[in-house]
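Undergrad: Pasting a structure below so you can have a look.
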Amino acid sequence: MQRIIKNGQVIDESWHLLPKDTPFESVSNSDDVIVPLAMWLEHGRALTIRDGGLGVWLESDEQVEDIADSLQHFQVIALNFPVFTDGRHFSSARLLRERYGYKGEVRAIGDVLRDQLFMMHRCGFDAYAIRPDRDPYDALQSLKDFTESYQAAVDQPEPLFRRRLA
Amino acid sequence: MYVYDQYDQRIVDERVKQFRDQTRRYLAGELTGEEFRPLRLQNGLYIQRYAPMLRIAVPYGLLASRQLRKLAQIARDYDKGYAHISTRQNVQFNWPDLEDVPEILAELASVQMHAIQTSGNCIRNTTTDQFAGVARDELVDPRPWCEIIRQWSTFHPEFAHLPRKFKIAVNGAVQDRAAIEVHDIGLEAVKNAAGELGFRVSVGGGLGRTPIVGSFINEFLPWQHLLSYLEAILRVYNRYGRRDNKFKARIKILVKALGPEVFAQKVEAEWAHLKDGPLTLLQAEVDRVGAFFVEPPYEALEDQGALLASLDAEHPGFARWRSRNVTAHKKPGYAAVTLSLKRTGVAPGDITDKQLDALADLADRYSFGEVRNSHNQNMILADIRQDQLFTLWNELRELGFATPNIGLLTDIICCPGGDFCSLANAKSIPVAEAIQRRFDDLDYLFDLGDIDLNISGCMNACGHHHVGHIGVLGVDKKGEEFYQVSLGGSASRDASLGQILGPSFAQDDMPDVIGKIIDVYVEQREEDEPFIDTFRRIGIAPFKERVYAANH
């Protein structure tokens with residue numbers, strides 16, 4: 001069990017995030033698992049016929065284009081932040097939502113800290129595995145940092161300049 | 001100038017609240033220094049050699065008199081009574097206490113100012129021509145476009161953690177006073193044959209460790225698509241720019257690695273998805289923003305050629321000042337006046353609280369209450385009646401703003417250097433001062449004409465040394481401060497990067513080195529030929545021979 005923020009609330013959940021070196025044979029049939037991209041690319045067919053839930057996670061240098069054709073198989077797509085200053089997956093999240101129409105959970109994992117959450121939310125993340133040494137309840141506060149934004153993004157498809165004119 | 005509505009104000013107020021809490025958490029030990037660092041940097045707060053430095057945003061260099069008064073008050077209350085104009089048209093305070101910064105930001109917010117994205121790996125302050133809106137050679141006023149870009153780039157959620165800093169500049173005039181080709185993105189407002197407005201887009205220019213002149217990847221981007229195209233460029237950079245080595249993380253390295261054509265194809269492919277989406281600009285928005293930049297209530301005046309000529313004849317000092325510090329204005333009977341912040345004995349770009357207050361009064365009395373900062377670290381009163389130039393000149397002299405050296409050798413662009421900055425290899429301010437003292441003969445300076453001398457204390461190039469006609473770079477040589485000299489750089493439309501003269505020099509030798517370079521120019525120049533033209537004609541060899549002759 002671990003605590004994550006999902007849809008603006010702290011919840012306990014039981015998805016297993018499988019490390020990159022996990023042997024495919026050791027993946028349980030019934031657990032809810034988030035598998036590394038390489039495992040998905042190699043064993044995709046077998047993974048989809050398991051009983052448990054399926055998610056995939058991408059390293060910060062892996063591309064959403066590699067899973068764009070298979071999004072229907074994933075309940076969760078987790079995007080890893082090796083350090084919180086690596087902003088590549090801000091683009092990945094927007095692409096998943098805006099270009100590929102992914103409706104499942106987009107989860108931030110890795111070095112996920114309070115002060116990134118507002119921007120992540122705007123880009124389409126809806127779940128955050130806050131770094132274990134930090135309090136997720138504190139982190140929740142940052143989702144309310146701003147009540148207005150200039151840009152179009154996932155949470156607000158109209159840029160402010162269009163809403164101003166309305 | 002642009003005036004905040006409720007939305008702009010709310011965003012800035014909420015930013016103050018957010019940063020107040022971040023600072024509180026840092027001081028309480030809830031955020032480590034490493035975690036606080038990017039947060040404070042994105043708010044312009046550096047930890048410097050002696051104290052923090054706070055860089056305040058001055059969007060495209062425009063300031064209202066009430067903002068100047070607020071800066072003066074902050075300089076008095078939270079600093080040591082002065083501020084510094086940076087090469088990105090911003091304002092810096094060198095001595096605030098970290099604990100006071102949230103309060104300073106609250107003060108700034110009360111006059112529609114902030115420090116958002118003045119540092120850090122994000123989109124920085126968009127810069128432009130200091131004569132925007134008044135220049136005679138202007139085709140398109142760049143200021144509304146700068147404001148539109150400012151809003152789009154402020155807290156852009158996708159580009160909050162780019163591989164490295166990102167700088168955009170816009171030019172709308174025949175001459176390029178915004179140095180757009182040495183920016184990550186340079187935009188030149190142009191009109192096509194049908195008279196429609198668009199932008200030529202340059203990417204991958206930049207100074208720093210690897211100076212590169214940008215490549216134009218789009219010759220005509222219709223204005224409606226400006227933001228979607230910028231978003232496409234930034235997305236390609238955010239996804240594919242290098243993050244393994246901070247010295248190779250600027251977009252210029254990506255553009256160079258892919259080649260401008262391939263980079264342009266990637267942008268086009270991304271843009272194909274974004275084009276005609278919600279980011280498409282509307283005429284109504286351009287009109288809304290443009291309405292803040294309509295002409296002030298100019299009077300119908302005639303040019304005052306005869307009056308000014310007779311004043312020139314009577315007052316040689318006025319004539320000299322007019323020839324360097326006064327720029328032609330698009331309106332008859334008006335002129336733009338550059339206030340020199342390059343008086344010998346004062347660090348280039350520094351201005352005291354008293355001067356800021358006095359300047360605010362001058363702006364109210366002479367120039368519709370507005371002032372501009374230039375990337376050359378001077379300040380401009382842009383709308384002066386020609387028949388008031390003489391009285392203004394007298395006031396400026398009293399205030400120490402009338403040094404008639406704009407564009408001359410002593411109008412040095414100079415970073416704060418090792419006296420303040422913890423990145424610097426060497427001091428830059430004392431070198432600037434020693435050169436200014438060496439060339440203190442105004443007649444001689446005038447005779448030398450236009451020469452850009454730019455000094456950076458390290459290869460981060462805040463002093464733009466690569467594009468100085470004469471560039472000086474502070475380097476570390478076995479723990480000692482040395483200076484490398486380059487010649488032939490230019491930030492103008494024909495942008496070029498300086499060539500290194502040879503081995504570096506000790507600080508004490510610098511005035512002599514510059515003296516020898518100037519001697520070669522004076523001996524070799526053809527009638528009225530500017531320094532940069534002489535250099536381009538004769539090359540670096542004669543300069544090299546002279547400067548290093550004594551060492552052989």
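Quick note on naming: the chains in the structure tokens go A, B, ... in the order shown, residues restart at 1 in each chain, and ligands are numbered from 1 in order of appearance.
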Using only C-alpha atoms, determine which residues of chain A fall within 8 Å of chain B; present them as a ChimeraX atom specification.

TA: /A:85-91,94,99,119-120,122-123,145-153,157-159,161-162,165

Undergrad: If we count only C-alpha atoms, what is near segment 26-36 of chain A at a cut-off of 9 Å, once residues fewer than 6 positions away on the same chain are taken out, given as an mmCIF file with C-alpha atoms, in the first residue's frame?

TA:
```
data_model
loop_
_atom_site.group_PDB
_atom_site.id
_atom_site.type_symbol
_atom_site.label_atom_id
_atom_site.label_comp_id
_atom_site.auth_asym_id
_atom_site.auth_seq_id
_atom_site.Cartn_x
_atom_site.Cartn_y
_atom_site.Cartn_z
ATOM 1 C CA SER A 14 -2.009 -0.911 -4.172
ATOM 2 C CA TRP A 15 -0.600 -0.624 -7.660
ATOM 3 C CA HIS A 16 2.903 -2.088 -7.947
ATOM 4 C CA LEU A 17 5.466 -0.051 -9.777
ATOM 5 C CA LEU A 18 7.823 -2.599 -11.310
ATOM 6 C CA PRO A 19 11.492 -1.626 -11.577
ATOM 7 C CA LYS A 20 13.224 -1.799 -14.960
ATOM 8 C CA LEU A 47 0.514 -8.440 -20.386
ATOM 9 C CA ILE A 49 -4.341 -11.035 -21.062
ATOM 10 C CA ARG A 50 -3.516 -10.966 -17.341
ATOM 11 C CA ASP A 51 -6.313 -10.639 -14.789
ATOM 12 C CA GLY A 52 -4.765 -7.753 -12.816
ATOM 13 C CA GLY A 53 -4.780 -4.090 -13.785
ATOM 14 C CA LEU A 54 -2.127 -2.806 -16.200
ATOM 15 C CA GLY A 55 -0.183 0.398 -16.347
ATOM 16 C CA VAL A 56 3.088 1.442 -17.994
ATOM 17 C CA TRP A 57 5.755 3.854 -16.868
ATOM 18 C CA LEU A 58 8.130 5.942 -18.937
ATOM 19 C CA GLU A 59 11.590 7.160 -18.036
ATOM 20 C CA PHE A 74 -3.490 1.081 -19.750
ATOM 21 C CA VAL A 76 -2.396 4.128 -15.530
ATOM 22 C CA ILE A 77 0.466 5.808 -17.338
ATOM 23 C CA ALA A 78 3.182 6.842 -14.917
#
```

Undergrad: Report, in Å with one decimal, the straight-line distance from atom CA of Ala360 of chain B to atom CA of Leu105 of chain B.

TA: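 Those two atoms sit 20.3 Å apart.
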
Undergrad: For each of A:Asp66, A:Pro132, A:Met39, A:Asn7, take the minimum atom-to-atom distance to Thr22 of chain A, counting only C-alpha atoms, then give the residue where this is smallest.

TA: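 Of A:Asp66, A:Pro132, A:Met39, A:Asn7, the one nearest Thr22 of chain A, counting only C-alpha atoms, is A:Met39.
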
Undergrad: Using only C-alpha atoms, find the one residue out of A:Lys103, A:Tyr137, A:Leu95, A:Phe84 that sits nearest to Gln116 of chain A.

TA: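 Using only C-alpha atoms, Gln116 of chain A sits closest to A:Phe84.
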
Undergrad: For the strand (DSSP E or B) assignment from backbone DSSP, which residues of segment 383-544 of chain B qualify? Please present them as a PyMOL selection string.

TA: chain B and resi 383-385+413-414+453-456+470-477+480-487+490+496+499-500+505-506

Undergrad: Can you spit out the residues from that selection as a PDB file, in the first residue's frame, using C-alpha atoms?

TA:
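The new file again_17.pdb reads:
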```
ATOM      1  CA  ASP B 383       9.090  61.641 -25.972  1.00  0.00           C
ATOM      2  CA  ILE B 384      10.870  64.934 -25.359  1.00  0.00           C
ATOM      3  CA  ARG B 385       9.798  68.115 -27.079  1.00  0.00           C
ATOM      4  CA  ILE B 413      28.263  47.251 -21.350  1.00  0.00           C
ATOM      5  CA  CYS B 414      29.462  45.512 -18.232  1.00  0.00           C
ATOM      6  CA  LEU B 453      33.101  47.820 -25.728  1.00  0.00           C
ATOM      7  CA  ASN B 454      31.507  44.961 -23.785  1.00  0.00           C
ATOM      8  CA  ILE B 455      32.913  43.314 -20.663  1.00  0.00           C
ATOM      9  CA  SER B 456      31.860  39.993 -19.112  1.00  0.00           C
ATOM     10  CA  ILE B 470      35.866  45.141 -28.597  1.00  0.00           C
ATOM     11  CA  GLY B 471      34.992  42.345 -26.185  1.00  0.00           C
ATOM     12  CA  VAL B 472      36.641  41.685 -22.859  1.00  0.00           C
ATOM     13  CA  LEU B 473      36.193  38.385 -21.025  1.00  0.00           C
ATOM     14  CA  GLY B 474      37.382  37.700 -17.493  1.00  0.00           C
ATOM     15  CA  VAL B 475      39.176  34.350 -17.253  1.00  0.00           C
ATOM     16  CA  ASP B 476      40.806  32.441 -14.474  1.00  0.00           C
ATOM     17  CA  LYS B 477      44.496  31.791 -15.069  1.00  0.00           C
ATOM     18  CA  GLU B 480      44.447  34.868 -10.974  1.00  0.00           C
ATOM     19  CA  GLU B 481      42.108  37.189 -12.814  1.00  0.00           C
ATOM     20  CA  PHE B 482      43.052  37.683 -16.454  1.00  0.00           C
ATOM     21  CA  TYR B 483      41.265  39.196 -19.406  1.00  0.00           C
ATOM     22  CA  GLN B 484      40.872  37.853 -22.917  1.00  0.00           C
ATOM     23  CA  VAL B 485      40.219  40.392 -25.657  1.00  0.00           C
ATOM     24  CA  SER B 486      38.202  39.785 -28.826  1.00  0.00           C
ATOM     25  CA  LEU B 487      37.585  42.093 -31.763  1.00  0.00           C
ATOM     26  CA  SER B 490      28.511  43.046 -33.549  1.00  0.00           C
ATOM     27  CA  SER B 496      28.956  38.733 -35.957  1.00  0.00           C
ATOM     28  CA  GLN B 499      37.601  36.866 -32.851  1.00  0.00           C
ATOM     29  CA  ILE B 500      39.961  36.277 -29.962  1.00  0.00           C
ATOM     30  CA  PHE B 505      46.193  40.091 -20.085  1.00  0.00           C
ATOM     31  CA  ALA B 506      46.544  41.149 -16.463  1.00  0.00           C
TER      32      ALA B 506
END
```

Undergrad: So, with only C-alpha atoms as the atoms that count, which of B:Gln524, B:Ser86, B:Ser422, B:Ser428 lies closest to Ile47 of chain B?

TA: B:Ser422

Undergrad: Please report the interatomic distance between atom CA of Gly120 of chain B and atom CA of Leu98 of chain B in Å with one decimal.

TA: 17.2 Å

Undergrad: Atom CA of Val255 of chain B to atom CA of Leu497 of chain B: how many Å, to one decimal?

TA: 17.8 Å

Undergrad: Counting only C-alpha atoms, which residue out of A:Asp115, A:Gln75, A:Lys144, A:Gln156 sits closest to Arg25 of chain B?

TA: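 Nearest to Arg25 of chain B: A:Asp115.
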